[in-house]
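Novice: There's a structure below that I have some questions on.
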Amino acid sequence: MKEASPSKAYALHLGVIVLLFALSFVLPEYHHGLLARIMVLAVFAMGYNLLFGYVGLLSLGHAMFFSAGLYGAGLAVIHLGWSVPAAFAAGLACGALLALVIGLLALRTSGVAFMIVTMMFAQVFYLVILYLAAWTGGDQGLVVPQSARVLVLGDTSLGLTNPTVRYMSALVLFSIVLLVTLGIVRSRYGRVLVAIRENEERTKMLGYDIFSNKLAAVVVSGTICAASGAAYALLFGYVGSTFASVQYSILPLLWVLLGGAATTLGPLIGTLFMYYVVDVTSGYTSAYLLIVGIALILLVLFFPRGILGTIRQRWLGWLP
Amino acid sequence: MMPLLTTKGLSRNFGGLRAVDGVDFALMPGEIRAVIGPNGAGKTTFVSLISGRIQPSSGMIVFDGADITNLPAYARVRLGIAYTFQITSVFANLTAYDNVALPVQRTLTDGRSKGAVHAGVMAALERTGLADRAHMPAGQLSYGHQRLLEVAMGLALKPRLLILDEPTQGLADSEIDNFIGLVREIAKSATVLLIEHNMPVVMQLADRITVFNAGKILAEGTPEQVRANAQVQDAYLGTTP
């Protein structure tokens, strides 16, 4: 938020991106694939964090923005035979449009009512997907054919099923969204968003139109989540209604809380942590959710502001 | 000269209570006007109606020749009506710098250069004597400094009308003297509407005083006229000796 010393923050973020790039060459196959998935889902968490962490709006319906991107991109490929870039753009457009409409309606409420309203809209979206089974595949979902998942760039064509291409595509998306988020939260607009979170009434009396600022944040947040969904459909080839269910509205909240709300890198850390705790524990016992639960309780006890949030509070005040 | 602000028949009911009751009020550009009155007289409700935080039940508000009765609060701020809160309402978790940057960045018309925000913020902080505390979180400032920060935020809006709601409440006597100087300084470039309980401050600062009682204007005039007004003495200053 301070205008001074931005270089440290940018260096850190670029360092994380370089590290993720380097990991691509050393990770064993299984973890390589898992990390690609985590990066795509971390984009989902970053989109959620923008609204929840910075503006303080707790939505319980972000699964609809993720799945708007997922279905927008997936169905464009499957039914319309669109190319990968066009399908990705379609996914983004669906998410942005949906976020605009939902924002216009849901932002008439605040607090608990906002949570309930967003959750209800997400449920409607979920049920509509099931209802339109002829196009969406209902609860079975649809597989995006491998033949269509090819990114043509000039003369070269890159198969998105190739692990390296997939990893690098996920990394490119992740990096762009990370830097965009960093740019937003350090900008004047970011300062206004935080001001709204801290004291809405006061911000209004400084001459800011709260509604349009919030609406813009919902649209940006929804579009980022849709980008994650669209990338998921194109990179992993599956479009399913599970991604529109309540579970996928809760997960980004959990990831963000774990990693640290209102920190730019928290969503990545939260997603990474959650995935690996599940991954490691489920290798030992079928009761892995018990261990996940205990891990979460310990984390809340000792890192009440999430991993990065607590680190920032105690040691590194300059973290964005 | 045309008044900067006028209200006609301005009223606001809370249930059966008429907190502001048919007030006709006019404020000339450049003056320092104090609004006084006993607790519950409707002073804060009255300025809240002007700033747009509360909608009137009936009546009309005209600012600089334009009817602003139906404008939302943020749009009135943009026209130049700034309101500083009675209960200190700074952004406690943000630095003093960021607190002032919020109004500064909104009023900038060039909208681009970072230098302009920085210069504007430091100017407002220096005017209120807070420049050396720019990077402290506002919540860690002393109460008196938080009040000054509140004024700095109001100043940074470059208002044409600055509404100060009990600005000296909770300030030490030494701080009050500085404050009086600051308000005089502000009044060179803006019209000031001041709700104040501290009578010495009112008598020193105000060009004119408006006395509220039970939602209505009881009297209005120069400090001397108001001081001599028997009705005011009965209602507010205590009965005549």
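By convention here, the chains of the structure tokens are called A, B, ... in the order presented, each chain's residues are numbered starting at 1, and ligands are numbered starting at 1 in the order presented.
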Go through segment 194-313 of chain A and collect every residue that DSSP, computed from the backbone, puts in alpha helix (DSSP H); the answer should be as an NGL selection string.

Specialist: :A and (194-198 or 200-204 or 210-236 or 247-259 or 266-282 or 288-302 or 307-313)

Novice: Within 7 Å of chain B, which residues of chain A show up when using only C-alpha atoms, listed as a VMD selection string?

Specialist: chain A and resid 192 198 to 199 202 204 to 209

Novice: The selected residues should be written to file as a compact mmCIF listing (two decimals), in the first residue's frame (atoms: C-alpha atoms).

Specialist:
# COMPACT_ATOMS: atom_id res chain seq x y z
CA VAL A 192 -9.87 2.43 -2.53
CA GLU A 198 -11.88 -0.91 6.38
CA ASN A 199 -14.65 1.68 6.57
CA ARG A 202 -15.94 6.96 5.51
CA LYS A 204 -18.26 7.20 0.72
CA MET A 205 -17.76 10.53 2.47
CA LEU A 206 -14.47 10.97 0.65
CA GLY A 207 -16.46 11.08 -2.57
CA TYR A 208 -16.14 7.49 -3.75
CA ASP A 209 -19.05 5.69 -5.37

Novice: Write out as a count of residues only the residues lying within 7 Å of segment 7-16 of chain B, counting only C-alpha atoms and excluding same-chain residues fewer than 3 positions away.

Specialist: 15

Novice: Need to verify the contact set: Asn213 of chain B, 12 Å, only C-alpha atoms, exclusion of same-chain residues closer than 4 positions in sequence. Can you return it as a ChimeraX atom specification?

Specialist: /B:18-21,23,35-43,46,217-220,231-237

Novice: Check the smallest atom-to-atom distance from each of A:Leu50, A:Thr156, A:Ala42, A:Arg166 to Gly270 of chain A using only C-alpha atoms, then report the winner.

Specialist: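 Among the listed residues, the smallest separation from Gly270 of chain A belongs to A:Ala42.
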
Novice: Go ahead and compute the interatomic distance for atom CA of Cys94 of chain A and atom CA of Ala170 of chain A, in Å to one decimal.

Specialist: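 Atom CA of Ala170 of chain A lies at a distance of 20.1 Å from atom CA of Cys94 of chain A.
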
Novice: For a quick check of understanding, using only C-alpha atoms, which of A:Leu308, A:Ala216, A:Ala22, A:Ile294 has the smallest distance to Leu104 of chain A?

Specialist: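 Ranked by minimum distance to Leu104 of chain A, first place goes to A:Ala216.
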
Novice: List every residue of segment 35-222 of chain B that DSSP, applied to the backbone of this structure, places in strand (DSSP E), and write the result as a PyMOL selection string.

Specialist: chain B and resi 35-36+58-63+66-67+81-84+161-165+191-195+208-213+216-221

Novice: Take the residues from that selection and write them out as a short mmCIF file (atom, residue, chain, number, x, y, z; two decimals), in the first residue's frame, keeping N, CA, C and O atoms.

Specialist:
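Resulting contents of result37.cif:
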data_model
loop_
_atom_site.label_atom_id
_atom_site.label_comp_id
_atom_site.auth_asym_id
_atom_site.auth_seq_id
_atom_site.Cartn_x
_atom_site.Cartn_y
_atom_site.Cartn_z
N VAL B 35 -22.73 26.25 14.47
CA VAL B 35 -24.06 25.78 14.83
C VAL B 35 -23.97 25.29 16.27
O VAL B 35 -23.17 24.41 16.57
N ILE B 36 -24.77 25.88 17.13
CA ILE B 36 -24.76 25.45 18.53
C ILE B 36 -26.17 25.08 18.95
O ILE B 36 -27.15 25.34 18.23
N SER B 58 -38.65 15.91 4.12
CA SER B 58 -39.19 16.89 3.19
C SER B 58 -38.26 18.10 3.17
O SER B 58 -37.35 18.21 4.00
N GLY B 59 -38.49 19.00 2.22
CA GLY B 59 -37.65 20.18 2.13
C GLY B 59 -36.64 20.06 1.01
O GLY B 59 -36.61 19.07 0.27
N MET B 60 -35.78 21.07 0.92
CA MET B 60 -34.92 21.20 -0.24
C MET B 60 -33.57 21.79 0.17
O MET B 60 -33.47 22.60 1.08
N ILE B 61 -32.52 21.31 -0.49
CA ILE B 61 -31.17 21.81 -0.23
C ILE B 61 -30.59 22.32 -1.55
O ILE B 61 -30.61 21.61 -2.56
N VAL B 62 -30.10 23.55 -1.54
CA VAL B 62 -29.50 24.13 -2.74
C VAL B 62 -28.05 24.48 -2.44
O VAL B 62 -27.76 25.16 -1.45
N PHE B 63 -27.14 23.97 -3.27
CA PHE B 63 -25.73 24.26 -3.09
C PHE B 63 -25.21 24.95 -4.35
O PHE B 63 -25.33 24.40 -5.45
N ALA B 66 -27.56 25.01 -7.30
CA ALA B 66 -28.13 23.77 -7.84
C ALA B 66 -28.85 22.99 -6.75
O ALA B 66 -28.39 22.94 -5.60
N ASP B 67 -29.98 22.40 -7.10
CA ASP B 67 -30.74 21.59 -6.15
C ASP B 67 -30.02 20.25 -5.96
O ASP B 67 -29.87 19.48 -6.91
N ILE B 81 -18.62 19.42 -0.96
CA ILE B 81 -19.11 19.43 0.43
C ILE B 81 -18.39 18.33 1.20
O ILE B 81 -18.64 17.16 0.98
N ALA B 82 -17.47 18.72 2.06
CA ALA B 82 -16.72 17.72 2.82
C ALA B 82 -17.24 17.67 4.24
O ALA B 82 -17.58 18.70 4.82
N TYR B 83 -17.26 16.47 4.80
CA TYR B 83 -17.80 16.28 6.14
C TYR B 83 -16.76 15.56 6.98
O TYR B 83 -16.25 14.53 6.57
N THR B 84 -16.42 16.12 8.12
CA THR B 84 -15.55 15.38 9.03
C THR B 84 -16.39 14.87 10.19
O THR B 84 -17.23 15.59 10.71
N LEU B 161 -17.12 23.76 0.87
CA LEU B 161 -17.80 23.84 2.16
C LEU B 161 -17.27 22.71 3.03
O LEU B 161 -17.37 21.55 2.68
N LEU B 162 -16.64 23.08 4.14
CA LEU B 162 -16.11 22.06 5.05
C LEU B 162 -16.99 22.03 6.29
O LEU B 162 -17.15 23.03 6.98
N ILE B 163 -17.58 20.86 6.54
CA ILE B 163 -18.43 20.70 7.72
C ILE B 163 -17.63 19.99 8.79
O ILE B 163 -17.16 18.88 8.60
N LEU B 164 -17.45 20.66 9.93
CA LEU B 164 -16.70 20.07 11.03
C LEU B 164 -17.68 19.77 12.16
O LEU B 164 -18.30 20.68 12.70
N ASP B 165 -17.81 18.50 12.50
CA ASP B 165 -18.77 18.11 13.53
C ASP B 165 -18.02 17.90 14.85
O ASP B 165 -17.35 16.90 15.02
N THR B 191 -15.59 27.77 2.82
CA THR B 191 -16.61 28.13 3.79
C THR B 191 -16.65 27.04 4.86
O THR B 191 -16.53 25.87 4.52
N VAL B 192 -16.78 27.44 6.12
CA VAL B 192 -16.72 26.45 7.19
C VAL B 192 -18.04 26.46 7.96
O VAL B 192 -18.54 27.51 8.35
N LEU B 193 -18.58 25.27 8.12
CA LEU B 193 -19.77 25.09 8.96
C LEU B 193 -19.36 24.20 10.11
O LEU B 193 -18.89 23.08 9.91
N LEU B 194 -19.51 24.74 11.33
CA LEU B 194 -18.87 24.13 12.49
C LEU B 194 -19.91 23.85 13.56
O LEU B 194 -20.61 24.77 14.00
N ILE B 195 -20.02 22.59 13.95
CA ILE B 195 -20.82 22.28 15.13
C ILE B 195 -19.86 22.25 16.30
O ILE B 195 -18.83 21.59 16.22
N ARG B 208 -20.73 34.19 12.25
CA ARG B 208 -22.13 34.19 12.67
C ARG B 208 -22.42 32.87 13.37
O ARG B 208 -21.73 31.87 13.14
N ILE B 209 -23.46 32.89 14.22
CA ILE B 209 -23.83 31.69 14.97
C ILE B 209 -25.30 31.39 14.72
O ILE B 209 -26.14 32.30 14.68
N THR B 210 -25.59 30.10 14.49
CA THR B 210 -26.98 29.67 14.38
C THR B 210 -27.27 28.77 15.58
O THR B 210 -26.52 27.85 15.86
N VAL B 211 -28.35 29.10 16.30
CA VAL B 211 -28.69 28.33 17.49
C VAL B 211 -29.87 27.42 17.18
O VAL B 211 -30.92 27.87 16.74
N PHE B 212 -29.67 26.13 17.40
CA PHE B 212 -30.74 25.16 17.21
C PHE B 212 -31.36 24.81 18.56
O PHE B 212 -30.67 24.73 19.57
N ASN B 213 -32.67 24.58 18.52
CA ASN B 213 -33.33 24.01 19.69
C ASN B 213 -34.53 23.22 19.21
O ASN B 213 -35.32 23.71 18.40
N LYS B 216 -35.41 23.17 15.49
CA LYS B 216 -35.69 24.43 14.80
C LYS B 216 -34.58 25.44 15.08
O LYS B 216 -33.86 25.32 16.07
N ILE B 217 -34.49 26.45 14.19
CA ILE B 217 -33.54 27.53 14.44
C ILE B 217 -34.18 28.48 15.44
O ILE B 217 -35.26 29.03 15.19
N LEU B 218 -33.49 28.63 16.58
CA LEU B 218 -34.02 29.49 17.63
C LEU B 218 -33.57 30.93 17.41
O LEU B 218 -34.34 31.87 17.61
N ALA B 219 -32.33 31.09 17.00
CA ALA B 219 -31.79 32.45 16.80
C ALA B 219 -30.61 32.37 15.86
O ALA B 219 -30.02 31.32 15.67
N GLU B 220 -30.27 33.52 15.30
CA GLU B 220 -29.11 33.56 14.41
C GLU B 220 -28.53 34.96 14.44
O GLU B 220 -29.29 35.94 14.50
N GLY B 221 -27.22 35.09 14.41
CA GLY B 221 -26.63 36.42 14.39
C GLY B 221 -25.14 36.37 14.68
O GLY B 221 -24.55 35.29 14.72
#

Novice: For atom CA of Asp279 of chain A and atom CA of Val40 of chain A, determine how far apart the two atoms are, in Å to one decimal place.

Specialist: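 Atom-to-atom, atom CA of Asp279 of chain A to atom CA of Val40 of chain A, that is 17.1 Å.
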